[in-house]
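With mmCIF, C-alpha atoms and all ligand atoms inside, this is run09.cif:
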data_run
#
loop_
_atom_site.group_PDB
_atom_site.id
_atom_site.type_symbol
_atom_site.label_atom_id
_atom_site.label_comp_id
_atom_site.auth_asym_id
_atom_site.auth_seq_id
_atom_site.Cartn_x
_atom_site.Cartn_y
_atom_site.Cartn_z
ATOM 1 C CA MET A 148 6.037 19.730 3.344
ATOM 2 C CA ASN A 149 9.748 18.975 3.717
ATOM 3 C CA TYR A 150 10.742 15.433 4.600
ATOM 4 C CA GLU A 151 14.154 13.935 5.341
ATOM 5 C CA ASN A 152 13.523 10.289 4.478
ATOM 6 C CA ILE A 153 10.859 10.427 1.779
ATOM 7 C CA LEU A 154 9.864 12.490 -1.259
ATOM 8 C CA ALA A 155 6.256 13.475 -1.880
ATOM 9 C CA GLU A 156 4.973 15.191 -5.001
ATOM 10 C CA ALA A 157 1.568 15.503 -6.623
ATOM 11 C CA GLU A 158 0.679 16.144 -10.235
ATOM 12 C CA GLY A 159 -2.458 15.642 -12.299
ATOM 13 C CA GLY A 160 -4.412 14.040 -9.452
ATOM 14 C CA ILE A 161 -1.657 11.502 -8.632
ATOM 15 C CA GLY A 162 0.422 11.716 -5.464
ATOM 16 C CA ILE A 163 3.769 9.928 -5.546
ATOM 17 C CA ILE A 164 5.499 9.005 -2.298
ATOM 18 C CA THR A 165 9.087 7.762 -2.668
ATOM 19 C CA ILE A 166 10.911 6.233 0.287
ATOM 20 C CA ASN A 167 14.326 7.797 -0.001
ATOM 21 C CA ARG A 168 17.029 6.148 2.122
ATOM 22 C CA PRO A 169 18.932 4.441 -0.715
ATOM 23 C CA THR A 170 22.101 3.834 1.330
ATOM 24 C CA LYS A 171 19.994 1.743 3.739
ATOM 25 C CA LEU A 172 17.947 0.167 0.915
ATOM 26 C CA ASN A 173 15.019 2.352 2.065
ATOM 27 C CA ALA A 174 14.698 0.493 5.395
ATOM 28 C CA LEU A 175 11.855 1.766 7.565
ATOM 29 C CA ASN A 176 13.068 3.460 10.719
ATOM 30 C CA LYS A 177 10.749 5.279 13.139
ATOM 31 C CA ALA A 178 11.282 8.677 11.507
ATOM 32 C CA THR A 179 10.470 7.293 8.046
ATOM 33 C CA ILE A 180 7.278 5.656 9.314
ATOM 34 C CA GLU A 181 6.188 8.977 10.849
ATOM 35 C CA GLU A 182 6.956 10.868 7.648
ATOM 36 C CA LEU A 183 5.081 8.279 5.585
ATOM 37 C CA HIS A 184 2.077 8.652 7.891
ATOM 38 C CA ASN A 185 2.114 12.423 7.392
ATOM 39 C CA ALA A 186 2.516 12.162 3.625
ATOM 40 C CA PHE A 187 -0.338 9.632 3.220
ATOM 41 C CA LYS A 188 -2.547 11.713 5.545
ATOM 42 C CA THR A 189 -1.788 14.953 3.689
ATOM 43 C CA PHE A 190 -2.518 13.438 0.259
ATOM 44 C CA ASN A 191 -5.679 11.769 1.581
ATOM 45 C CA GLU A 192 -6.962 15.135 2.819
ATOM 46 C CA ASP A 193 -6.083 16.885 -0.450
ATOM 47 C CA THR A 194 -9.176 16.607 -2.655
ATOM 48 C CA ALA A 195 -7.019 17.203 -5.758
ATOM 49 C CA VAL A 196 -5.140 13.924 -5.126
ATOM 50 C CA LYS A 197 -7.216 10.965 -6.329
ATOM 51 C CA VAL A 198 -4.633 8.149 -6.336
ATOM 52 C CA ILE A 199 -1.375 7.603 -4.441
ATOM 53 C CA ILE A 200 1.610 5.614 -5.720
ATOM 54 C CA VAL A 201 4.207 4.486 -3.170
ATOM 55 C CA THR A 202 7.642 3.362 -4.341
ATOM 56 C CA GLY A 203 11.297 3.248 -3.311
ATOM 57 C CA SER A 204 14.174 5.373 -4.590
ATOM 58 C CA GLY A 205 16.816 3.786 -6.780
ATOM 59 C CA GLU A 206 16.643 0.588 -8.779
ATOM 60 C CA LYS A 207 17.589 -1.883 -6.092
ATOM 61 C CA ALA A 208 15.007 -1.694 -3.322
ATOM 62 C CA PHE A 209 11.397 -0.822 -2.646
ATOM 63 C CA VAL A 210 12.035 -1.264 1.101
ATOM 64 C CA ALA A 211 14.471 -3.862 2.543
ATOM 65 C CA GLY A 212 12.493 -4.105 5.772
ATOM 66 C CA ALA A 213 12.192 -2.462 9.141
ATOM 67 C CA ASP A 214 15.469 -0.858 10.211
ATOM 68 C CA ILE A 215 17.221 -3.739 11.981
ATOM 69 C CA ALA A 216 19.836 -1.437 13.554
ATOM 70 C CA GLU A 217 17.081 0.516 15.281
ATOM 71 C CA PHE A 218 15.360 -2.401 17.039
ATOM 72 C CA ALA A 219 18.290 -4.771 17.650
ATOM 73 C CA ASN A 220 18.429 -3.932 21.385
ATOM 74 C CA PHE A 221 14.699 -3.618 22.067
ATOM 75 C CA SER A 222 13.006 -5.280 25.066
ATOM 76 C CA VAL A 223 9.766 -7.325 24.894
ATOM 77 C CA GLU A 224 7.713 -4.208 25.705
ATOM 78 C CA GLU A 225 9.560 -2.066 23.167
ATOM 79 C CA GLY A 226 9.113 -4.754 20.507
ATOM 80 C CA GLU A 227 5.364 -4.904 21.076
ATOM 81 C CA LYS A 228 5.103 -1.122 21.020
ATOM 82 C CA LEU A 229 7.125 -0.947 17.774
ATOM 83 C CA ALA A 230 4.671 -3.283 16.015
ATOM 84 C CA ALA A 231 1.563 -1.619 17.465
ATOM 85 C CA LYS A 232 2.668 1.921 16.627
ATOM 86 C CA GLY A 233 3.828 0.948 13.124
ATOM 87 C CA GLN A 234 0.550 -0.804 12.346
ATOM 88 C CA GLU A 235 -1.444 2.171 13.610
ATOM 89 C CA LEU A 236 0.592 4.886 11.866
ATOM 90 C CA LEU A 237 1.327 3.191 8.573
ATOM 91 C CA PHE A 238 0.140 -0.305 7.728
ATOM 92 C CA ASP A 239 -3.475 -0.216 8.966
ATOM 93 C CA PHE A 240 -3.586 3.461 8.065
ATOM 94 C CA VAL A 241 -2.704 2.760 4.415
ATOM 95 C CA GLN A 242 -5.042 -0.242 4.160
ATOM 96 C CA ASN A 243 -7.962 1.870 5.378
ATOM 97 C CA LEU A 244 -7.129 5.029 3.437
ATOM 98 C CA ALA A 245 -10.060 6.372 1.392
ATOM 99 C CA THR A 246 -7.672 7.282 -1.438
ATOM 100 C CA PRO A 247 -6.484 4.286 -3.501
ATOM 101 C CA VAL A 248 -2.840 3.334 -2.900
ATOM 102 C CA ILE A 249 -0.802 1.444 -5.515
ATOM 103 C CA ALA A 250 2.547 -0.036 -4.452
ATOM 104 C CA ALA A 251 5.138 0.185 -7.227
ATOM 105 C CA VAL A 252 7.522 -2.543 -6.027
ATOM 106 C CA ASN A 253 10.783 -1.544 -7.709
ATOM 107 C CA GLY A 254 13.220 -4.034 -6.144
ATOM 108 C CA PHE A 255 13.645 -5.792 -2.784
ATOM 109 C CA ALA A 256 10.421 -5.748 -0.748
ATOM 110 C CA LEU A 257 11.395 -7.610 2.389
ATOM 111 C CA GLY A 258 9.869 -7.763 5.854
ATOM 112 C CA GLY A 259 8.282 -4.376 6.565
ATOM 113 C CA GLY A 260 8.756 -3.544 2.883
ATOM 114 C CA LEU A 261 6.566 -6.390 1.710
ATOM 115 C CA GLU A 262 4.185 -5.596 4.574
ATOM 116 C CA LEU A 263 3.884 -2.009 3.305
ATOM 117 C CA ALA A 264 3.286 -3.243 -0.252
ATOM 118 C CA MET A 265 0.620 -5.642 1.075
ATOM 119 C CA ALA A 266 -1.095 -2.854 3.023
ATOM 120 C CA ALA A 267 -1.463 -0.919 -0.257
ATOM 121 C CA HIS A 268 -4.674 -1.609 -2.183
ATOM 122 C CA PHE A 269 -2.789 -3.455 -4.940
ATOM 123 C CA ARG A 270 0.765 -4.018 -6.171
ATOM 124 C CA ILE A 271 2.707 -3.785 -9.442
ATOM 125 C CA ALA A 272 6.260 -5.154 -9.552
ATOM 126 C CA SER A 273 9.316 -4.422 -11.674
ATOM 127 C CA ASP A 274 10.892 -7.480 -13.270
ATOM 128 C CA ASN A 275 13.852 -7.381 -10.831
ATOM 129 C CA ALA A 276 11.660 -7.254 -7.689
ATOM 130 C CA LYS A 277 12.213 -9.801 -4.947
ATOM 131 C CA MET A 278 9.744 -10.324 -2.133
ATOM 132 C CA GLY A 279 9.883 -12.127 1.181
ATOM 133 C CA LEU A 280 9.282 -12.081 4.915
ATOM 134 C CA PRO A 281 12.747 -12.997 6.284
ATOM 135 C CA GLU A 282 11.999 -12.131 9.930
ATOM 136 C CA VAL A 283 12.420 -15.649 11.373
ATOM 137 C CA SER A 284 16.011 -15.605 10.088
ATOM 138 C CA LEU A 285 16.510 -12.785 12.614
ATOM 139 C CA GLY A 286 14.698 -14.580 15.436
ATOM 140 C CA VAL A 287 11.571 -12.443 15.210
ATOM 141 C CA ILE A 288 8.263 -12.718 13.321
ATOM 142 C CA PRO A 289 6.602 -10.287 10.908
ATOM 143 C CA GLY A 290 5.090 -7.541 13.070
ATOM 144 C CA TYR A 291 3.552 -5.102 10.617
ATOM 145 C CA GLY A 292 0.620 -7.287 9.552
ATOM 146 C CA GLY A 293 2.589 -9.803 7.474
ATOM 147 C CA THR A 294 1.229 -12.932 9.157
ATOM 148 C CA GLN A 295 -2.297 -11.699 8.381
ATOM 149 C CA ARG A 296 -2.077 -10.067 4.956
ATOM 150 C CA LEU A 297 0.237 -12.594 3.250
ATOM 151 C CA PRO A 298 -2.178 -15.555 3.743
ATOM 152 C CA GLN A 299 -5.034 -13.316 2.524
ATOM 153 C CA LEU A 300 -3.161 -12.662 -0.717
ATOM 154 C CA VAL A 301 -1.346 -15.937 -1.500
ATOM 155 C CA GLY A 302 -3.168 -18.524 0.647
ATOM 156 C CA LYS A 303 -2.163 -20.065 3.961
ATOM 157 C CA GLY A 304 0.184 -22.778 2.662
ATOM 158 C CA ARG A 305 2.256 -20.475 0.489
ATOM 159 C CA ALA A 306 2.378 -17.846 3.258
ATOM 160 C CA MET A 307 3.542 -20.458 5.761
ATOM 161 C CA GLU A 308 6.272 -21.578 3.356
ATOM 162 C CA MET A 309 7.466 -18.020 2.697
ATOM 163 C CA ILE A 310 7.485 -17.143 6.403
ATOM 164 C CA MET A 311 9.136 -20.402 7.583
ATOM 165 C CA THR A 312 11.835 -20.541 4.895
ATOM 166 C CA ALA A 313 12.487 -16.760 5.136
ATOM 167 C CA GLY A 314 13.098 -17.051 1.387
ATOM 168 C CA MET A 315 12.455 -14.614 -1.429
ATOM 169 C CA ILE A 316 10.282 -15.038 -4.498
ATOM 170 C CA GLY A 317 10.788 -13.226 -7.786
ATOM 171 C CA ALA A 318 8.306 -10.970 -9.564
ATOM 172 C CA GLU A 319 6.867 -13.623 -11.906
ATOM 173 C CA GLU A 320 6.283 -16.077 -9.076
ATOM 174 C CA ALA A 321 4.705 -13.275 -7.020
ATOM 175 C CA LYS A 322 2.360 -12.621 -9.942
ATOM 176 C CA ALA A 323 1.479 -16.303 -10.313
ATOM 177 C CA TRP A 324 0.710 -16.401 -6.585
ATOM 178 C CA GLY A 325 -1.500 -13.292 -6.693
ATOM 179 C CA LEU A 326 0.834 -11.146 -4.622
ATOM 180 C CA VAL A 327 1.320 -8.618 -7.437
ATOM 181 C CA ASN A 328 -1.065 -7.890 -10.301
ATOM 182 C CA HIS A 329 1.415 -7.112 -13.090
ATOM 183 C CA VAL A 330 5.153 -7.311 -13.777
ATOM 184 C CA VAL A 331 6.772 -4.641 -15.949
ATOM 185 C CA PRO A 332 10.351 -3.761 -16.934
ATOM 186 C CA GLN A 333 12.028 -1.708 -14.186
ATOM 187 C CA PRO A 334 12.341 1.586 -16.159
ATOM 188 C CA GLU A 335 8.621 1.503 -17.031
ATOM 189 C CA LEU A 336 7.278 0.770 -13.549
ATOM 190 C CA VAL A 337 6.186 4.210 -12.352
ATOM 191 C CA GLU A 338 4.762 5.220 -15.750
ATOM 192 C CA TYR A 339 2.788 1.967 -15.830
ATOM 193 C CA CYS A 340 1.388 2.713 -12.374
ATOM 194 C CA LYS A 341 0.552 6.258 -13.479
ATOM 195 C CA GLY A 342 -1.377 4.745 -16.400
ATOM 196 C CA LEU A 343 -3.453 2.651 -14.010
ATOM 197 C CA ALA A 344 -3.907 5.674 -11.740
ATOM 198 C CA GLY A 345 -5.165 7.613 -14.766
ATOM 199 C CA LYS A 346 -7.922 5.035 -15.279
ATOM 200 C CA ILE A 347 -8.871 5.154 -11.596
ATOM 201 C CA LEU A 348 -9.071 8.923 -11.368
ATOM 202 C CA LYS A 349 -11.670 9.115 -14.135
ATOM 203 C CA ASN A 350 -14.086 7.334 -11.787
ATOM 204 C CA SER A 351 -15.993 8.576 -8.752
ATOM 205 C CA SER A 352 -13.581 9.036 -5.836
ATOM 206 C CA VAL A 353 -16.537 8.882 -3.437
ATOM 207 C CA ALA A 354 -17.640 5.508 -4.814
ATOM 208 C CA ILE A 355 -14.053 4.221 -4.784
ATOM 209 C CA ALA A 356 -13.655 5.176 -1.104
ATOM 210 C CA LYS A 357 -16.854 3.264 -0.293
ATOM 211 C CA ALA A 358 -15.686 0.258 -2.315
ATOM 212 C CA ILE A 359 -12.351 0.160 -0.431
ATOM 213 C CA LYS A 360 -14.255 0.192 2.859
ATOM 214 C CA ALA A 361 -16.617 -2.569 1.740
ATOM 215 C CA VAL A 362 -13.787 -4.819 0.480
ATOM 216 C CA ASN A 363 -11.821 -4.287 3.705
ATOM 217 C CA ALA A 364 -14.932 -5.130 5.760
ATOM 218 C CA ASN A 365 -14.442 -8.782 4.774
ATOM 219 C CA TYR A 366 -11.238 -8.881 6.797
ATOM 220 C CA GLU A 367 -12.522 -7.161 9.950
ATOM 221 C CA ASP A 368 -13.483 -9.161 13.000
ATOM 222 C CA GLY A 369 -17.170 -9.052 13.842
ATOM 223 C CA VAL A 370 -18.107 -7.151 10.684
ATOM 224 C CA ASN A 371 -20.395 -8.672 8.066
ATOM 225 C CA GLY A 372 -18.945 -7.610 4.720
ATOM 226 C CA TYR A 373 -22.203 -8.170 2.836
ATOM 227 C CA GLU A 374 -24.050 -5.893 5.246
ATOM 228 C CA ALA A 375 -21.291 -3.288 4.990
ATOM 229 C CA GLU A 376 -21.628 -3.467 1.208
ATOM 230 C CA ILE A 377 -25.420 -3.034 1.295
ATOM 231 C CA LYS A 378 -25.069 0.040 3.529
ATOM 232 C CA ALA A 379 -22.340 1.623 1.382
ATOM 233 C CA PHE A 380 -24.272 0.807 -1.811
ATOM 234 C CA GLY A 381 -27.337 2.603 -0.404
ATOM 235 C CA GLU A 382 -25.270 5.597 0.712
ATOM 236 C CA SER A 383 -23.936 5.982 -2.842
ATOM 237 C CA PHE A 384 -27.430 6.952 -3.994
ATOM 238 C CA GLY A 385 -27.220 10.099 -1.850
ATOM 239 C CA THR A 386 -24.022 11.400 -3.460
ATOM 240 C CA GLU A 387 -23.575 14.051 -6.135
ATOM 241 C CA ASP A 388 -21.187 11.679 -7.937
ATOM 242 C CA PHE A 389 -24.014 9.128 -8.336
ATOM 243 C CA LYS A 390 -26.320 11.777 -9.822
ATOM 244 C CA GLU A 391 -23.589 12.912 -12.217
ATOM 245 C CA GLY A 392 -22.532 9.365 -13.162
ATOM 246 C CA THR A 393 -26.017 8.129 -13.980
ATOM 247 C CA THR A 394 -27.082 11.400 -15.671
ATOM 248 C CA ALA A 395 -23.933 11.424 -17.834
ATOM 249 C CA PHE A 396 -24.590 7.821 -18.902
ATOM 250 C CA LEU A 397 -28.195 8.586 -19.881
ATOM 251 C CA GLU A 398 -27.091 11.754 -21.707
ATOM 252 C CA LYS A 399 -24.383 9.728 -23.517
ATOM 253 C CA ARG A 400 -21.522 11.912 -22.284
ATOM 254 C CA LYS A 401 -18.490 11.415 -20.068
ATOM 255 C CA ALA A 402 -19.084 12.001 -16.367
ATOM 256 C CA ALA A 403 -17.390 14.946 -14.664
ATOM 257 C CA PHE A 404 -17.501 13.780 -11.073
ATOM 258 C CA PRO A 405 -17.564 16.523 -8.428
ATOM 259 C CA GLY A 406 -16.083 14.080 -5.887
ATOM 260 C CA LYS A 407 -18.908 14.646 -3.404
HETATM 261 N N1 LIG A 501 17.681 -2.505 8.178
HETATM 262 C C1 LIG A 501 18.770 -1.728 8.308
HETATM 263 N N2 LIG A 501 19.689 -1.595 7.360
HETATM 264 C C2 LIG A 501 19.531 -2.300 6.239
HETATM 265 C C3 LIG A 501 18.416 -3.149 6.024
HETATM 266 C C4 LIG A 501 17.469 -3.236 7.059
HETATM 267 N N3 LIG A 501 16.363 -3.975 6.945
HETATM 268 N N4 LIG A 501 18.549 -3.730 4.813
HETATM 269 C C5 LIG A 501 19.688 -3.251 4.267
HETATM 270 N N5 LIG A 501 20.272 -2.400 5.121
HETATM 271 C C6 LIG A 501 21.546 -1.667 4.931
HETATM 272 C C7 LIG A 501 22.755 -2.569 5.122
HETATM 273 O O1 LIG A 501 23.090 -2.699 6.491
HETATM 274 C C8 LIG A 501 23.794 -1.789 4.344
HETATM 275 O O2 LIG A 501 24.218 -0.692 5.124
HETATM 276 P P1 LIG A 501 25.781 -0.324 5.246
HETATM 277 O O3 LIG A 501 26.213 -0.029 3.830
HETATM 278 O O4 LIG A 501 25.794 0.869 6.140
HETATM 279 O O5 LIG A 501 26.463 -1.542 5.795
HETATM 280 C C9 LIG A 501 23.003 -1.221 3.171
HETATM 281 O O6 LIG A 501 21.639 -1.217 3.592
HETATM 282 C C10 LIG A 501 23.112 -2.040 1.899
HETATM 283 O O7 LIG A 501 22.729 -3.384 2.205
HETATM 284 P P2 LIG A 501 23.638 -4.658 1.857
HETATM 285 O O8 LIG A 501 23.221 -5.769 2.782
HETATM 286 O O9 LIG A 501 25.072 -4.287 1.841
HETATM 287 O O10 LIG A 501 23.161 -4.982 0.359
HETATM 288 P P3 LIG A 501 23.217 -6.369 -0.389
HETATM 289 O O11 LIG A 501 22.950 -6.091 -1.819
HETATM 290 O O12 LIG A 501 24.442 -7.135 -0.048
HETATM 291 O O13 LIG A 501 21.969 -7.225 0.222
HETATM 292 C C11 LIG A 501 19.700 -7.525 1.009
HETATM 293 C C12 LIG A 501 20.642 -6.794 0.020
HETATM 294 C C13 LIG A 501 18.314 -6.900 0.876
HETATM 295 C C14 LIG A 501 19.630 -9.012 0.653
HETATM 296 C C15 LIG A 501 20.234 -7.354 2.441
HETATM 297 O O14 LIG A 501 20.480 -5.961 2.681
HETATM 298 C C16 LIG A 501 19.308 -7.847 3.534
HETATM 299 O O15 LIG A 501 19.204 -9.045 3.735
HETATM 300 N N6 LIG A 501 18.644 -6.907 4.267
HETATM 301 C C17 LIG A 501 17.823 -7.228 5.394
HETATM 302 C C18 LIG A 501 16.503 -7.810 4.957
HETATM 303 C C19 LIG A 501 15.657 -8.193 6.149
HETATM 304 O O16 LIG A 501 15.966 -9.117 6.891
HETATM 305 N N7 LIG A 501 14.555 -7.477 6.326
HETATM 306 C C20 LIG A 501 13.612 -7.748 7.359
HETATM 307 C C21 LIG A 501 13.824 -6.865 8.518
HETATM 308 S S1 LIG A 501 12.662 -7.223 9.800
#
Would you kindly transcribe this structure into structure tokens?
Amino acid sequence: MNYENILAEAEGGIGIITINRPTKLNALNKATIEELHNAFKTFNEDTAVKVIIVTGSGEKAFVAGADIAEFANFSVEEGEKLAAKGQELLFDFVQNLATPVIAAVNGFALGGGLELAMAAHFRIASDNAKMGLPEVSLGVIPGYGGTQRLPQLVGKGRAMEMIMTAGMIGAEEAKAWGLVNHVVPQPELVEYCKGLAGKILKNSSVAIAKAIKAVNANYEDGVNGYEAEIKAFGESFGTEDFKEGTTAFLEKRKAAFPGK
């Protein structure tokens, strides 16, 4: 599919989505959010794609936030709709995707950019990355899940400090706080993520999808995560991947998962 604001390519089971508005530091406007939705959806439906990496073009920014120029004149109703639509199309959509999503944070990840990275299943940062939720410096609050996902990842006190000061933290601090898992030199970032993706795609994609759902269940209102886990664990026993995985182990060979 042809996109104007992003690039999407798949090779060897890994789909790479690159947000490509470098002159605007990859800021997320409405069109980019729609294209991202379509790209994530298309890769998720493609059984050949087992892992998705999302990154930003250039060496300066992952995503420098929602496009401020686009919402500067919005009314109360338009503001609420912007957040609701964005969460539905992109942020909640990515969090709940059955295919694992790794955010390769290659520079500034601010506002909606950090919110997109946090919606991904985990994050790797380049050594020059800077992260923050600067919305209150604009007179608004994070609207793409930032007030919810940041405390989940770094704890309430640190999240409150980041949100209230509107400041940025560097990659090493983000790692110490649990916001990113690893920090690597900028030129090695995507290859490093591909290496991790390579480890993931050797495993059962069906089991991974169930594990994502069970982990996410902990953060859903009115859902008991332990019960969700028990159900998904039981369901695994009915899959072809489970038969192949256990048979391969007992036969002392590598599993060739059918992904069913
Ligand atoms: N929305 C719209 N445009 C943005 C943007 C955003 N979130 N972030 C950067 N841009 C644009 C700038 O307006 C500029 O465009 P121009 O060349 O047409 O004037 C271009 O991207 C380059 O940004 P610039 O500010 O010149 O780069 P810099 O190196 O001086 O500063 C940042 C980099 C990230 C510190 C700065 O761009 C910034 O603070 N961006 C906004 C971050 C933010 O508040 N995000 C939350 C939004 S809710």
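Atom pair CA of Lys303 in chain A / CA of Ile215 in chain A has a distance of 26.6 Å (rounded to one decimal).
Protein, DNA and RNA residues at most 8 Å from (3.3, 7.2, 3.8), with all atoms listed in the file, are these: Ile164, Ile180, Glu181, Glu182, Leu183, His184, Asn185, Ala186, Phe187, Lys188, Val201, Leu237 and Val241 of chain A.
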Review point. What residues come out when you apply the PyMOL selection byres (((not hetatm)) within 6 of (chain A and resi 501)) to this file, written as an MDAnalysis selection string?
Key: chainID A and resid 170:172 174 211:216 257:258 281:282
Review point. Hey, what comes out of the PyMOL selection byres (((chain A and resi 385-400) around 12) and not hetatm) on this file? Could you write it as a ChimeraX atom specification?
Key: /A:349-355,357,378-384,401-407
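Taking CA of Ile166 in chain A and CA of Ser204 in chain A as endpoints, the distance between them is 5.9 Å.
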**Study point:** Top pick for closest residue to Ala313 in chain A, considering A:Gly342, A:Arg270, A:Asn365, A:Gly279 and counting all atoms listed in the file
**Key:** A:Gly279
Review point. Using the chain letters and numbers from the file, which residues does the PyMOL selection byres (((chain A and resi 207) around 10) and not hetatm) grab, as a count of residues only?
Key: 19
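Counting all atoms listed in the file, the residue from A:Thr194, A:Gln234, A:Asn243, A:Thr165 that sits nearest to Pro289 in chain A is A:Gln234.
In this model, the gap between CA of Leu336 in chain A and CA of Glu262 in chain A comes to 19.5 Å.
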Check your understanding: What lies within 10 Å of range 266-268 of chain A using all atoms listed in the file, ignoring chain neighbours under 5 positions off, as number ranges by chain?
Key -> A: 199-201, 234, 237-244, 246-251, 260-261, 291-293, 296-297, 359, 363
Exercise for review: Check the smallest atom-to-atom distance from each of A:Arg168, A:Glu308, A:Ala272, A:Ala375 to Val327 in chain A using all atoms listed in the file, then report the winner.
Suggested key: A:Ala272
Point to revise | Residues within 7 Å of (10.2, -1.3, 12.6), counting all atoms listed in the file, listed as JSON, numbers by chain | key: {"A": [175, 176, 177, 213, 214, 218, 229, 230, 233]}
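By all atoms listed in the file, and with residues fewer than 4 positions from Ala364 in chain A along its chain excluded, the set lying at most 10 Å from it is Asn243, Ala358, Ile359, Lys360, Asp368, Gly369, Val370, Asn371, Gly372, Tyr373, Glu374, Ala375 and Glu376 of chain A.
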Please fill the gaps in range 198-204 of chain A so it has all heavy atoms, and write that as a PDB file, in the coordinates of the input.
ATOM      1  N   VAL A 198      -5.326   9.450  -6.438  1.00  0.00           N
ATOM      2  CA  VAL A 198      -4.633   8.149  -6.336  1.00  0.00           C
ATOM      3  C   VAL A 198      -3.225   8.408  -5.800  1.00  0.00           C
ATOM      4  O   VAL A 198      -2.617   9.433  -6.132  1.00  0.00           O
ATOM      5  CB  VAL A 198      -4.502   7.448  -7.724  1.00  0.00           C
ATOM      6  CG1 VAL A 198      -3.890   6.054  -7.567  1.00  0.00           C
ATOM      7  CG2 VAL A 198      -5.842   7.342  -8.434  1.00  0.00           C
ATOM      8  N   ILE A 199      -2.747   7.473  -4.969  1.00  0.00           N
ATOM      9  CA  ILE A 199      -1.375   7.603  -4.441  1.00  0.00           C
ATOM     10  C   ILE A 199      -0.552   6.399  -4.913  1.00  0.00           C
ATOM     11  O   ILE A 199      -1.020   5.253  -4.854  1.00  0.00           O
ATOM     12  CB  ILE A 199      -1.388   7.645  -2.894  1.00  0.00           C
ATOM     13  CG1 ILE A 199      -2.216   8.848  -2.405  1.00  0.00           C
ATOM     14  CG2 ILE A 199       0.042   7.712  -2.335  1.00  0.00           C
ATOM     15  CD1 ILE A 199      -2.510   8.838  -0.907  1.00  0.00           C
ATOM     16  N   ILE A 200       0.660   6.683  -5.377  1.00  0.00           N
ATOM     17  CA  ILE A 200       1.610   5.614  -5.720  1.00  0.00           C
ATOM     18  C   ILE A 200       2.732   5.667  -4.693  1.00  0.00           C
ATOM     19  O   ILE A 200       3.271   6.743  -4.419  1.00  0.00           O
ATOM     20  CB  ILE A 200       2.187   5.822  -7.141  1.00  0.00           C
ATOM     21  CG1 ILE A 200       1.072   5.735  -8.200  1.00  0.00           C
ATOM     22  CG2 ILE A 200       3.291   4.797  -7.446  1.00  0.00           C
ATOM     23  CD1 ILE A 200       1.492   6.177  -9.602  1.00  0.00           C
ATOM     24  N   VAL A 201       3.071   4.518  -4.105  1.00  0.00           N
ATOM     25  CA  VAL A 201       4.207   4.486  -3.170  1.00  0.00           C
ATOM     26  C   VAL A 201       5.292   3.601  -3.773  1.00  0.00           C
ATOM     27  O   VAL A 201       5.013   2.506  -4.266  1.00  0.00           O
ATOM     28  CB  VAL A 201       3.780   4.039  -1.744  1.00  0.00           C
ATOM     29  CG1 VAL A 201       3.176   2.645  -1.705  1.00  0.00           C
ATOM     30  CG2 VAL A 201       4.961   4.116  -0.779  1.00  0.00           C
ATOM     31  N   THR A 202       6.528   4.108  -3.762  1.00  0.00           N
ATOM     32  CA  THR A 202       7.642   3.362  -4.341  1.00  0.00           C
ATOM     33  C   THR A 202       8.914   3.648  -3.560  1.00  0.00           C
ATOM     34  O   THR A 202       8.899   4.405  -2.583  1.00  0.00           O
ATOM     35  CB  THR A 202       7.778   3.701  -5.856  1.00  0.00           C
ATOM     36  OG1 THR A 202       8.657   2.764  -6.466  1.00  0.00           O
ATOM     37  CG2 THR A 202       8.283   5.113  -6.084  1.00  0.00           C
ATOM     38  N   GLY A 203      10.018   3.020  -3.981  1.00  0.00           N
ATOM     39  CA  GLY A 203      11.297   3.248  -3.311  1.00  0.00           C
ATOM     40  C   GLY A 203      12.262   3.938  -4.259  1.00  0.00           C
ATOM     41  O   GLY A 203      12.150   3.797  -5.476  1.00  0.00           O
ATOM     42  N   SER A 204      13.223   4.681  -3.712  1.00  0.00           N
ATOM     43  CA  SER A 204      14.174   5.373  -4.590  1.00  0.00           C
ATOM     44  C   SER A 204      15.244   4.383  -5.063  1.00  0.00           C
ATOM     45  O   SER A 204      15.542   3.398  -4.395  1.00  0.00           O
ATOM     46  CB  SER A 204      14.808   6.556  -3.876  1.00  0.00           C
ATOM     47  OG  SER A 204      15.680   6.096  -2.894  1.00  0.00           O
TER      48      SER A 204
END
